[in-house]
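Undergrad: Input structure: run_22.txt, which contains compact mmCIF, C-alpha atoms.
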```txt
# COMPACT_ATOMS: atom_id res chain seq x y z
CA MET A 2 51.48 97.47 61.14
CA GLU A 3 52.02 100.26 58.66
CA ARG A 4 49.33 100.19 56.02
CA GLN A 5 49.93 103.60 54.50
CA GLY A 6 53.35 105.18 54.10
CA ASN A 7 53.02 108.04 51.67
CA VAL A 8 54.27 111.56 52.33
CA LEU A 9 50.81 113.12 52.56
CA ASP A 10 49.78 110.44 55.09
CA GLU A 11 46.51 109.84 53.34
CA TRP A 12 44.59 106.70 54.05
CA ILE A 13 42.71 104.68 51.47
CA VAL A 14 39.37 103.03 52.03
CA GLY A 15 37.49 101.24 49.28
CA GLY A 16 39.88 102.76 46.78
CA HIS A 17 39.09 106.33 47.91
CA ARG A 18 41.82 108.53 49.40
CA PHE A 19 41.23 110.73 52.40
CA SER A 20 43.52 113.03 54.34
CA SER A 21 41.31 113.58 57.39
CA ARG A 22 41.27 110.75 59.92
CA LEU A 23 38.31 112.18 61.79
CA LEU A 24 34.85 111.04 60.75
CA MET A 25 31.81 112.82 62.12
CA GLY A 26 28.26 111.83 62.92
CA THR A 27 25.40 114.30 62.55
CA GLY A 28 23.00 113.17 65.27
CA LYS A 29 22.01 114.92 68.50
CA TYR A 30 22.79 118.46 67.36
CA GLN A 31 20.59 121.32 68.53
CA ASP A 32 20.25 122.64 65.01
CA ALA A 33 21.55 122.17 61.49
CA GLU A 34 23.71 125.31 61.69
CA THR A 35 25.70 123.96 64.66
CA MET A 36 26.00 120.59 63.00
CA VAL A 37 27.38 122.06 59.78
CA GLY A 38 29.72 124.34 61.75
CA ALA A 39 31.06 121.37 63.68
CA VAL A 40 31.59 119.32 60.53
CA LEU A 41 33.52 122.20 58.97
CA ALA A 42 35.61 122.73 62.11
CA SER A 43 36.43 119.04 62.28
CA GLY A 44 37.79 118.88 58.75
CA ALA A 45 35.91 115.60 58.38
CA GLN A 46 35.63 114.24 54.87
CA ILE A 47 33.28 111.37 55.72
CA VAL A 48 30.06 112.28 57.52
CA THR A 49 27.35 109.85 58.57
CA VAL A 50 23.63 110.44 58.18
CA ALA A 51 20.55 108.32 58.85
CA LEU A 52 17.40 107.56 56.89
CA ARG A 53 13.88 107.99 58.17
CA ARG A 54 10.39 107.97 56.70
CA VAL A 55 8.97 111.39 55.99
CA GLY A 56 5.57 113.00 55.88
CA ARG A 57 6.42 116.66 55.79
CA ILE A 58 9.89 118.22 55.88
CA PRO A 59 10.14 121.40 57.94
CA ARG A 60 12.40 123.86 56.14
CA GLU A 61 14.88 124.12 59.02
CA ASP A 62 15.41 120.41 59.17
CA ASP A 63 16.73 119.79 55.68
CA MET A 64 19.92 117.84 56.34
CA LEU A 65 21.06 116.99 52.86
CA GLY A 66 20.91 120.60 51.66
CA PRO A 67 23.64 122.21 53.76
CA LEU A 68 25.72 119.04 54.05
CA GLY A 69 25.46 118.18 50.40
CA GLU A 70 26.89 121.59 49.54
CA LEU A 71 30.10 121.11 51.52
CA LYS A 72 33.00 120.47 49.20
CA GLY A 73 35.10 117.44 49.92
CA VAL A 74 32.50 115.81 52.17
CA THR A 75 31.34 112.28 51.41
CA LEU A 76 27.99 111.39 52.96
CA MET A 77 27.79 107.92 54.42
CA PRO A 78 24.28 106.73 55.25
CA ASN A 79 23.98 104.42 58.21
CA THR A 80 21.42 101.67 58.58
CA SER A 81 20.36 102.68 62.09
CA GLY A 82 16.80 101.61 62.82
CA ALA A 83 17.40 98.26 61.12
CA ARG A 84 16.83 95.35 63.47
CA ASN A 85 18.23 92.68 61.18
CA ALA A 86 20.25 92.12 58.02
CA SER A 87 17.25 92.31 55.71
CA GLU A 88 16.24 95.76 57.01
CA ALA A 89 19.84 96.94 56.90
CA ILE A 90 20.22 95.82 53.30
CA ARG A 91 17.04 97.68 52.35
CA ALA A 92 18.20 100.81 54.18
CA ALA A 93 21.58 100.66 52.46
CA ARG A 94 19.97 100.53 49.03
CA LEU A 95 17.71 103.48 49.87
CA GLY A 96 20.64 105.40 51.31
CA ARG A 97 22.68 104.91 48.17
CA GLU A 98 19.76 106.20 46.13
CA LEU A 99 19.56 109.35 48.22
CA CYS A 100 23.26 110.07 48.82
CA GLY A 101 24.71 108.82 45.59
CA SER A 102 27.64 107.43 47.56
CA PRO A 103 28.78 103.79 47.59
CA PHE A 104 29.72 104.03 51.28
CA VAL A 105 27.39 102.53 53.85
CA LYS A 106 27.78 102.17 57.58
CA VAL A 107 26.09 98.91 58.50
CA GLU A 108 24.65 99.58 61.92
CA ILE A 109 22.30 97.00 63.42
CA HIS A 110 21.57 97.36 67.12
CA PRO A 111 18.22 95.86 68.07
CA ASN A 112 18.48 96.48 71.83
CA PRO A 113 17.98 100.14 72.75
CA HIS A 114 19.28 99.61 76.28
CA HIS A 115 22.87 99.06 75.25
CA LEU A 116 22.90 99.66 71.48
CA MET A 117 25.43 96.87 70.97
CA PRO A 118 25.79 95.82 67.34
CA ASP A 119 24.41 92.42 66.36
CA PRO A 120 27.45 90.54 65.03
CA ILE A 121 25.48 87.90 63.11
CA GLU A 122 23.07 90.27 61.35
CA THR A 123 25.96 92.65 60.65
CA PHE A 124 27.99 89.87 59.04
CA GLU A 125 25.04 88.72 56.91
CA ALA A 126 24.25 92.26 55.74
CA ALA A 127 27.91 93.00 55.04
CA LYS A 128 28.24 89.89 52.89
CA VAL A 129 25.27 90.79 50.70
CA LEU A 130 26.08 94.49 50.41
CA ALA A 131 29.76 93.96 49.63
CA ALA A 132 28.73 91.63 46.81
CA GLU A 133 26.44 94.39 45.46
CA GLY A 134 29.37 96.77 45.26
CA PHE A 135 28.78 98.81 48.39
CA LEU A 136 31.80 100.04 50.34
CA VAL A 137 30.76 98.42 53.58
CA MET A 138 31.91 100.02 56.83
CA PRO A 139 30.53 97.73 59.54
CA TYR A 140 29.87 99.03 63.03
CA MET A 141 30.91 96.04 65.09
CA PRO A 142 31.83 94.70 68.51
CA ALA A 143 35.60 94.89 69.00
CA ASP A 144 36.06 91.22 68.26
CA PRO A 145 39.19 90.18 66.34
CA VAL A 146 37.63 86.98 64.99
CA LEU A 147 34.59 88.85 63.66
CA ALA A 148 36.96 91.42 62.23
CA LYS A 149 38.70 88.80 60.12
CA ARG A 150 35.36 87.34 58.96
CA LEU A 151 34.12 90.79 57.90
CA GLU A 152 37.36 91.51 56.09
CA ASP A 153 37.11 88.19 54.28
CA VAL A 154 33.61 88.92 52.93
CA GLY A 155 34.78 92.17 51.40
CA CYS A 156 34.20 94.99 53.85
CA ALA A 157 36.05 98.20 53.02
CA SER A 158 36.96 98.89 56.64
CA LEU A 159 36.26 97.79 60.19
CA MET A 160 34.51 100.03 62.69
CA PRO A 161 34.87 98.46 66.12
CA LEU A 162 33.35 100.28 69.07
CA GLY A 163 35.44 101.91 71.75
CA SER A 164 32.52 101.60 74.16
CA ALA A 165 28.71 101.80 73.90
CA ILE A 166 27.21 104.53 71.70
CA GLY A 167 26.84 107.77 73.65
CA SER A 168 28.35 106.28 76.80
CA GLY A 169 31.51 108.36 76.79
CA ARG A 170 33.42 105.46 78.28
CA GLY A 171 36.31 105.86 75.87
CA LEU A 172 38.57 103.08 74.65
CA ALA A 173 37.19 100.36 76.93
CA THR A 174 38.00 97.85 74.20
CA ALA A 175 41.67 98.85 73.86
CA GLU A 176 43.07 95.35 74.25
CA MET A 177 40.68 93.95 71.64
CA LEU A 178 41.47 96.86 69.32
CA ARG A 179 45.17 95.96 69.51
CA LEU A 180 44.36 92.41 68.48
CA ILE A 181 42.25 93.65 65.57
CA LEU A 182 45.01 96.06 64.49
CA ARG A 183 47.58 93.28 64.50
CA ASP A 184 45.94 91.36 61.66
CA ALA A 185 43.70 93.81 59.81
CA ARG A 186 44.59 94.56 56.21
CA ILE A 187 41.79 97.13 55.82
CA PRO A 188 41.44 100.40 57.74
CA VAL A 189 40.36 100.22 61.38
CA ILE A 190 38.14 103.10 62.49
CA VAL A 191 37.17 103.30 66.16
CA ASP A 192 33.51 104.22 66.26
CA ALA A 193 31.38 104.95 69.36
CA GLY A 194 31.93 105.72 72.95
CA LEU A 195 34.70 108.29 72.69
CA ARG A 196 34.31 111.30 74.95
CA SER A 197 37.54 113.30 74.86
CA PRO A 198 40.04 114.36 72.20
CA SER A 199 42.79 112.60 74.20
CA GLU A 200 40.96 109.32 73.65
CA ALA A 201 40.91 109.98 69.92
CA ALA A 202 44.64 110.72 70.05
CA ALA A 203 45.19 107.47 71.95
CA ALA A 204 43.33 105.51 69.28
CA LEU A 205 45.51 106.98 66.55
CA GLU A 206 48.69 106.46 68.61
CA MET A 207 47.75 102.83 68.99
CA GLY A 208 47.66 102.48 65.22
CA CYS A 209 44.00 102.95 64.31
CA ASP A 210 43.51 104.57 60.95
CA ALA A 211 40.73 106.94 62.01
CA VAL A 212 37.99 107.58 64.55
CA LEU A 213 34.32 108.46 64.25
CA VAL A 214 32.78 110.72 66.87
CA ASN A 215 29.27 112.07 67.31
CA SER A 216 28.07 112.51 70.91
CA ALA A 217 31.51 113.67 72.04
CA VAL A 218 31.10 116.73 69.83
CA ALA A 219 27.33 117.21 69.58
CA ALA A 220 26.71 116.89 73.33
CA SER A 221 29.75 118.89 74.40
CA GLY A 222 29.57 122.39 75.81
CA ALA A 223 30.62 124.00 72.54
CA PRO A 224 30.39 121.63 69.58
CA ILE A 225 32.24 123.73 67.03
CA ALA A 226 35.21 124.26 69.36
CA MET A 227 35.17 120.62 70.41
CA ALA A 228 35.16 119.49 66.79
CA ALA A 229 38.31 121.54 66.20
CA ALA A 230 39.90 120.05 69.31
CA PHE A 231 39.18 116.55 68.05
CA ALA A 232 40.79 117.40 64.73
CA GLN A 233 43.95 118.55 66.50
CA ALA A 234 44.01 115.44 68.68
CA VAL A 235 43.62 113.08 65.73
CA THR A 236 46.53 114.78 63.97
CA ALA A 237 48.68 114.63 67.11
CA GLY A 238 47.92 110.97 67.67
CA ARG A 239 48.66 110.09 64.09
CA ASN A 240 51.93 112.03 64.05
CA ALA A 241 52.97 110.34 67.29
CA HIS A 242 52.23 106.94 65.83
CA ARG A 243 54.36 107.69 62.78
CA ALA A 244 57.16 109.09 64.95
CA GLY A 245 57.22 106.00 67.14
CA LEU A 246 56.68 106.26 70.90
CA MET A 247 59.77 105.84 73.09
CA PRO A 248 60.43 102.37 74.50
CA GLN A 249 58.72 101.67 77.78
CA GLY A 250 60.80 100.95 80.83
CA GLY A 251 61.79 102.45 84.12
CA GLY A 252 64.64 102.94 86.46
CA ALA A 253 67.66 105.12 86.90
CA SER A 254 69.43 103.95 83.77
CA LEU A 255 66.93 105.85 81.65
CA ALA A 256 67.40 109.21 83.34
CA THR A 257 67.75 112.01 80.82
CA SER A 258 70.16 114.07 82.86
CA PRO A 259 73.48 112.89 84.40
CA LEU A 260 73.00 111.31 87.77
CA THR A 261 75.96 112.95 89.48
CA ALA A 262 75.01 115.34 92.21
CA PHE A 263 74.56 118.87 91.04
CA LEU A 264 77.35 120.62 92.91
CA SER A 265 79.78 117.82 93.63
CA GLY A 266 80.32 116.46 90.13
CA GLU A 267 83.53 117.16 88.20
CA ALA A 268 83.81 120.40 86.28
CA PRO A 269 83.59 119.87 82.50
CA MET B 24 -7.65 108.23 45.44
CA ASN B 25 -6.91 106.06 48.45
CA LEU B 26 -3.25 105.25 48.90
CA ILE B 27 -1.15 103.88 51.70
CA VAL B 28 1.62 106.34 52.42
CA ASN B 29 4.29 105.37 54.95
CA GLY B 30 2.02 102.66 56.27
CA GLU B 31 -1.04 104.87 56.80
CA ALA B 32 -4.18 105.44 54.77
CA TYR B 33 -3.92 108.67 52.77
CA GLU B 34 -6.46 110.24 50.49
CA ALA B 35 -4.62 111.88 47.63
CA LYS B 36 -6.17 114.71 45.61
CA GLN B 37 -3.20 114.80 43.25
CA HIS B 38 -2.48 111.35 41.99
CA GLU B 39 -1.68 111.63 38.30
CA SER B 40 2.02 111.22 39.07
CA VAL B 41 4.38 110.61 41.95
CA THR B 42 5.68 114.15 41.50
CA ALA B 43 2.17 115.55 41.95
CA LEU B 44 1.65 113.49 45.09
CA ILE B 45 4.81 114.68 46.77
CA GLU B 46 3.99 118.28 45.83
CA GLU B 47 0.59 117.87 47.45
CA MET B 48 2.26 116.52 50.59
CA GLY B 49 4.46 119.61 50.78
CA ILE B 50 7.69 117.77 50.11
CA GLY B 51 8.18 118.88 46.50
CA GLY B 52 11.78 119.91 45.83
CA ARG B 53 13.24 118.25 48.94
CA PRO B 54 15.52 115.25 48.56
CA VAL B 55 13.50 112.09 49.18
CA VAL B 56 13.63 108.49 48.07
CA VAL B 57 10.30 107.25 46.75
CA VAL B 58 9.39 103.59 46.97
CA LEU B 59 6.20 102.54 45.18
CA ASN B 60 4.98 99.02 45.88
CA ASP B 61 8.53 98.03 46.90
CA GLU B 62 10.13 99.54 43.83
CA VAL B 63 12.39 102.58 44.00
CA ILE B 64 11.19 105.30 41.61
CA PRO B 65 14.19 107.33 40.40
CA VAL B 66 13.87 111.11 40.26
CA SER B 67 13.83 111.05 36.47
CA SER B 68 10.75 108.80 36.36
CA ARG B 69 8.57 110.52 38.96
CA SER B 70 6.68 112.91 36.74
CA THR B 71 5.60 110.13 34.42
CA CYS B 72 4.96 107.50 37.08
CA GLY B 73 1.20 107.20 37.68
CA LEU B 74 -0.54 105.96 40.80
CA ARG B 75 -3.37 103.46 41.21
CA GLU B 76 -5.93 102.88 43.93
CA GLY B 77 -4.39 101.09 46.89
CA ASP B 78 -0.77 101.76 45.89
CA ARG B 79 1.74 101.65 48.71
CA VAL B 80 4.09 104.62 48.79
CA GLU B 81 7.02 105.05 51.13
CA LEU B 82 9.09 108.20 51.38
CA PHE B 83 12.48 108.46 53.07
CA ARG B 84 14.81 111.35 53.70
CA LEU B 85 18.14 111.94 55.42
CA VAL B 86 18.25 112.93 59.05
CA GLY B 87 21.05 113.36 61.51
CA GLY B 88 22.68 110.18 62.72
CA GLY B 89 25.95 108.79 64.04
```
Show me the file's structure as structure tokens.

TA:
Amino acid sequence: MERQGNVLDEWIVGGHRFSSRLLMGTGKYQDAETMVGAVLASGAQIVTVALRRVGRIPREDDMLGPLGELKGVTLMPNTSGARNASEAIRAARLGRELCGSPFVKVEIHPNPHHLMPDPIETFEAAKVLAAEGFLVMPYMPADPVLAKRLEDVGCASLMPLGSAIGSGRGLATAEMLRLILRDARIPVIVDAGLRSPSEAAAALEMGCDAVLVNSAVAASGAPIAMAAAFAQAVTAGRNAHRAGLMPQGGGASLATSPLTAFLSGEAP
Amino acid sequence: MNLIVNGEAYEAKQHESVTALIEEMGIGGRPVVVVLNDEVIPVSSRSTCGLREGDRVELFRLVGGG
């Protein structure tokens, strides 16, 4: 379903226009310099951050400083660490105070063994935060029924997982993503589990509006180069989706060259 | 003055304002959210916001995350 059709191929979420369809996380990097370099190489315009309590801030670890200075980057705090809706709501309000951005990634995963998002707490938090004017981007299981419920309570987008956070298992939820895409009237951003740029391209080819990657870049051999590769893949996937993939089929009737034998066919 | 900072007992030498406390803790100038007894104290109010014995202070900052 075509949700955006303008020449620049921008997408709109919560009333904000973006041209990049690659969102980046900032966790797991060796150092802030690599993280900032990767964000720049990715062309990402939406970048997630987390909130934690602080006692002392070592100079090298000041996240907001370098990121906050990047032009065209919108910081999106996540609510990671929250075990339930109430904690997520609190984290969202603190995040908005610190980032000055209305975007919030509602992320509630109480079980550290699999990091699966809690659908019930996520729904409850989304409902409250959307009513408070947040642009809610819920990290969610790839469930089409939940997707509709979250859309109905005012989320700005849907962020279904491809596979478990950090697992690198790619688009394990592809069939569910197709069902979500069929009915969603807000952007669908695949978030979590991607490992390779080709998987990001596949998500965009399928019709997803964007992808969010973190481990795939941060834990790769060369994060800055990998970030650039992801950017290229997202563009390729999106262009392919707009061009329309060829019909599927098989058999001799679809051969692209004449089927007469090379030397025995008639001369032209 | 005895305060509870991030859930732990803390003896503050500078307590005439929230700004003074965070300077004492070595965080002055860094972006933090300050929550005093469950109320967010905006940046503009910190230098005039006083502290009392037993106040609960929580400080949050941004870190990397997915």

Undergrad: If you count only C-alpha atoms, which residues fall within 12 Å of Glu46 (chain B), apart from same-chain ones fewer than 3 positions away, as a PyMOL selection string?

TA: (chain A and resi 56-58) or (chain B and resi 35-43+49-53+55+69-70)

Undergrad: Counting only C-alpha atoms, which residues of chain B fall within 9 Å of chain A, and what is the closest atom pair for each with its distance in Å at one decimal, ordered by chain and rising number, as CSV?

TA:
```
residue,atom,partner,partner_atom,distance
B:Val28,CA,A:Gly56,CA,8.5
B:Asn29,CA,A:Arg54,CA,6.9
B:Met48,CA,A:Arg57,CA,6.7
B:Gly49,CA,A:Arg57,CA,6.1
B:Ile50,CA,A:Arg57,CA,5.9
B:Arg53,CA,A:Ile58,CA,7.7
B:Pro54,CA,A:Leu99,CA,7.2
B:Val55,CA,A:Leu99,CA,6.7
B:Val56,CA,A:Leu99,CA,6.0
B:Val57,CA,A:Leu95,CA,8.9
B:Val58,CA,A:Leu95,CA,8.8
B:Val63,CA,A:Leu95,CA,8.0
B:Pro65,CA,A:Glu98,CA,8.1
B:Glu81,CA,A:Arg54,CA,7.1
B:Leu82,CA,A:Arg54,CA,5.5
B:Phe83,CA,A:Arg54,CA,4.2
B:Arg84,CA,A:Leu52,CA,5.6
B:Leu85,CA,A:Leu52,CA,4.7
B:Val86,CA,A:Ala51,CA,5.2
B:Gly87,CA,A:Gly28,CA,4.2
B:Gly88,CA,A:Gly28,CA,3.9
B:Gly89,CA,A:Gly26,CA,4.0
```

Undergrad: Please indicate the distance in Å from CA of Ala127 (chain A) to CA of Ala86 (chain A), rounded to one decimal place.

TA: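 Separating CA of Ala127 (chain A) from CA of Ala86 (chain A) is a distance of 8.3 Å.
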
Undergrad: Would you list the contacts of Leu26 (chain B) as a PyMOL selection string, taking every protein, DNA or RNA residue within 6 Å and counting only C-alpha atoms, but skipping same-chain residues closer than 3 positions in sequence?

TA: chain B and resi 32-33+77-78

Undergrad: Leaving out Gly82 (chain A) and any residue of its chain fewer than 2 positions from it, which residues lie within 8 Å of it when counting only C-alpha atoms, given as a ChimeraX atom specification?

TA: /A:80,84,109-111

Undergrad: Using Å and a single decimal, report how far CA of Met177 (chain A) sits from CA of Met160 (chain A).

TA: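 CA of Met177 (chain A) lies at a distance of 12.5 Å from CA of Met160 (chain A).
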
Undergrad: Figure out the distance between CA of Ile181 (chain A) and CA of Val146 (chain A), please, to one decimal in Å.

TA: 8.1 Å

Undergrad: Just the residues within 12 Å of Ala232 (chain A), please, counting only C-alpha atoms, with nothing from its chain fewer than 6 positions along; format it as a list in words.

TA: Ser20, Ser21, Arg22, Leu23, Leu24, Met25, Ala39, Val40, Leu41, Ala42, Ser43, Gly44, Ala45, Gln46, Ser197, Pro198, Ser199, Ala201, Ala202, Leu205, Ala211, Val212, Leu213, Val214, Val218, Ile225, Ala226, Gly238 and Arg239 of chain A

Undergrad: Please dump the current selection as a PDB file, in the coordinates of the input; keep C-alpha atoms.

TA:
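Okay, this is what ended up in selection.pdb:
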```
ATOM      1  CA  SER A  20      43.520 113.030  54.340  1.00  0.00           C
ATOM      2  CA  SER A  21      41.310 113.580  57.390  1.00  0.00           C
ATOM      3  CA  ARG A  22      41.270 110.750  59.920  1.00  0.00           C
ATOM      4  CA  LEU A  23      38.310 112.180  61.790  1.00  0.00           C
ATOM      5  CA  LEU A  24      34.850 111.040  60.750  1.00  0.00           C
ATOM      6  CA  MET A  25      31.810 112.820  62.120  1.00  0.00           C
ATOM      7  CA  ALA A  39      31.060 121.370  63.680  1.00  0.00           C
ATOM      8  CA  VAL A  40      31.590 119.320  60.530  1.00  0.00           C
ATOM      9  CA  LEU A  41      33.520 122.200  58.970  1.00  0.00           C
ATOM     10  CA  ALA A  42      35.610 122.730  62.110  1.00  0.00           C
ATOM     11  CA  SER A  43      36.430 119.040  62.280  1.00  0.00           C
ATOM     12  CA  GLY A  44      37.790 118.880  58.750  1.00  0.00           C
ATOM     13  CA  ALA A  45      35.910 115.600  58.380  1.00  0.00           C
ATOM     14  CA  GLN A  46      35.630 114.240  54.870  1.00  0.00           C
ATOM     15  CA  SER A 197      37.540 113.300  74.860  1.00  0.00           C
ATOM     16  CA  PRO A 198      40.040 114.360  72.200  1.00  0.00           C
ATOM     17  CA  SER A 199      42.790 112.600  74.200  1.00  0.00           C
ATOM     18  CA  ALA A 201      40.910 109.980  69.920  1.00  0.00           C
ATOM     19  CA  ALA A 202      44.640 110.720  70.050  1.00  0.00           C
ATOM     20  CA  LEU A 205      45.510 106.980  66.550  1.00  0.00           C
ATOM     21  CA  ALA A 211      40.730 106.940  62.010  1.00  0.00           C
ATOM     22  CA  VAL A 212      37.990 107.580  64.550  1.00  0.00           C
ATOM     23  CA  LEU A 213      34.320 108.460  64.250  1.00  0.00           C
ATOM     24  CA  VAL A 214      32.780 110.720  66.870  1.00  0.00           C
ATOM     25  CA  VAL A 218      31.100 116.730  69.830  1.00  0.00           C
ATOM     26  CA  ILE A 225      32.240 123.730  67.030  1.00  0.00           C
ATOM     27  CA  ALA A 226      35.210 124.260  69.360  1.00  0.00           C
ATOM     28  CA  GLY A 238      47.920 110.970  67.670  1.00  0.00           C
ATOM     29  CA  ARG A 239      48.660 110.090  64.090  1.00  0.00           C
TER      30      ARG A 239
END
```

Undergrad: May I have the residues at most 8 Å from (32.1, 112.5, 75.3) in the file's coordinates, counting all atoms listed in the file, as an MDAnalysis selection string?

TA: chainID A and resid 167:171 194:197 216:218 220:221

Undergrad: Kindly export the residues of the current selection with C-alpha atoms, as a compact mmCIF listing (two decimals), in the coordinates of the input.

TA:
```txt
# COMPACT_ATOMS: atom_id res chain seq x y z
CA GLY A 167 26.84 107.77 73.65
CA SER A 168 28.35 106.28 76.80
CA GLY A 169 31.51 108.36 76.79
CA ARG A 170 33.42 105.46 78.28
CA GLY A 171 36.31 105.86 75.87
CA GLY A 194 31.93 105.72 72.95
CA LEU A 195 34.70 108.29 72.69
CA ARG A 196 34.31 111.30 74.95
CA SER A 197 37.54 113.30 74.86
CA SER A 216 28.07 112.51 70.91
CA ALA A 217 31.51 113.67 72.04
CA VAL A 218 31.10 116.73 69.83
CA ALA A 220 26.71 116.89 73.33
CA SER A 221 29.75 118.89 74.40
```

Undergrad: Skipping near chain neighbours, those fewer than 4 positions away, what residues fall within 10 Å of Leu182 (chain A) using all atoms listed in the file, listed as an MDAnalysis selection string?

TA: chainID A and resid 2 145 148 159 176:178 186:189 207:210
